[in-house]
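For reference, the structure discussed in these notes is given below.
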Amino acid sequence: MNWHAVLAIYMFEMTRTFRTLLQSVISPVISTSLYFVVFGAAIGSRIDQVEGVSYGAFIVPGLIMLSVVMQSISNASFGIYFPKFIGTIYELLSAPVSFLEIVIGYVGAAATKSLIIGLIILGTASLFVPLEIQHPVAMLSFLVLTCLSFALFGFIIGIWASNFEQLQLVPLLVVTPLVFLGGAFYSISMLPETWQAITLLNPVVYLVSGFRWSFFGMADVALGWSLLAILGFTLACLAAIWWIFRTGWRIRN
């Protein structure tokens, strides 16, 4: 393992983030805070509690998950797409660096940035509502796994995209609706039985449910299913990336 190459890619991506601190960190935190204020004030005034938890606190895991998922995809997709756009990807591919080292560098940096943003949002949310995390180790584990899995997914999107518009296509038209319909701002137990069954087909439900369980000890689906869903998604992304580098799809042509 060429750790010097991994560290070089990782530090380059992290440095780029700190050069654009306003856009990379402060902007998503402010956006999420506005979500919290709007949903907490507008809907929280009508819904006192959800399963014994105040609505303001109830939406915190969903808001963190929304931000972490979008930032993981955005950071990883742009990180690998930009070298393709300017042509420096060929210098990277011709260097004595394996595809695994490339993935660790880019995905590791994207996941780190998303994790930092998620923790900052968690600290910001605690200023609005009292929070007590019942399972802090589980919370960090879910947060790290989510950052890694969606950074891998964003890496795939960055390789697939042929222009800047396509970078935003999947996050905006697919991922964002899935998060909003995945119980980020409500419990699926509040839905009619038919819609509950349909909602369970949404993979984001399992991520949000497991993450919320780590806060309040309550979940819409069994914890085991949440872990299985996120691990399965991570393995599927790893398999797709392995195939991409093995065949050179959208990289060498």
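Labels for the structure tokens follow display order: chains A, B, ..., residues from 1 in each chain, ligands from 1.
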Hey, could you make a per-residue contact list for region 122-216 of chain A against region 232-252 of chain A with 7 Å as the cut-off, showing the nearest pair of atoms and its distance in Å to one decimal, counting only C-alpha atoms, sorted by chain and number, as a tab-separated table?
```
residue	atom	partner	partner_atom	distance
A:Ser149	CA	A:Thr234	CA	4.8
A:Leu152	CA	A:Cys237	CA	6.0
A:Phe153	CA	A:Cys237	CA	6.0
A:Ile156	CA	A:Ile241	CA	6.6
A:Ile159	CA	A:Arg250	CA	6.2
A:Trp160	CA	A:Arg250	CA	6.2
```
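When only C-alpha atoms are used to compute distances to Gly105 (chain A), the closest of the residues A:Ile26, A:Met14, A:Ala161, A:Ile9 turns out to be A:Ile9.
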Which residues of region 54-82 of chain A come within 7 Å of region 167-186 of chain A, and what is each one's closest atom pair and distance in Å (one decimal), counting only C-alpha atoms, sorted by chain and residue number, as a Markdown table?
```
| residue | atom | partner | partner_atom | distance |
| --- | --- | --- | --- | --- |
| A:Ile59 | CA | A:Phe185 | CA | 5.2 |
| A:Gly62 | CA | A:Ala184 | CA | 4.0 |
| A:Leu63 | CA | A:Ala184 | CA | 6.8 |
| A:Leu66 | CA | A:Val179 | CA | 6.3 |
| A:Met70 | CA | A:Pro171 | CA | 6.7 |
| A:Ser77 | CA | A:Leu167 | CA | 6.8 |
```
Option closest in space to Val6 (chain A), from A:Thr146, A:Thr199, A:Ser98, A:Ser209 [counting only C-alpha atoms]: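 Answer, going by the shortest atom-to-atom distance: A:Ser98.
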Using only C-alpha atoms, which of the listed residues (A:Leu145, A:Tyr106, A:Val129, A:Gly210) sits closest to Val53 (chain A)? A:Val129
Can you list, as a PyMOL selection string, all residues belonging to region 3-193 of chain A that DSSP tags as alpha helix (DSSP H)? chain A and resi 3-19+21+27-38+55-58+60-86+89-94+99-128+136-160+164-170+176-180+193
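Note that CA of Asn202 (chain A) and CA of Ala219 (chain A) are 15.1 Å apart.
For the residues A:Asn2, A:Ser141, A:Ser189, A:Ser226, ranking by smallest atom-to-atom distance to Val204 (chain A) using only C-alpha atoms places A:Ser226 first.
Using only C-alpha atoms, the contacts of Val97 (chain A) at a cut-off of 12 Å, with sequence neighbours closer than 6 positions omitted, comprise Met1, Asn2, Trp3, His4, Ala5, Val6, Leu7, Ala8, Ile9, Ile89, Tyr90, Glu91, Val103, Ile104 and Gly105 of chain A.
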Would you mind telling me which residue in A:Val107, A:Met218, A:Leu93, A:Ile47 lies nearest to Phe150 (chain A) when using only C-alpha atoms?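 Looking only at the distances to Phe150 (chain A), the closest residue turns out to be A:Val107.
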Apply DSSP to the backbone of this structure and, from region 3-241 of chain A, keep only the residues in strand (DSSP E); write these as a ChimeraX atom specification. /A:49-50,53-54
Atom pair CA of Phe12 (chain A) + CA of Leu143 (chain A), distance 23.5 Å
Correct to one decimal, the distance CA of Ala109 (chain A)-CA of Glu13 (chain A) is 6.1 Å
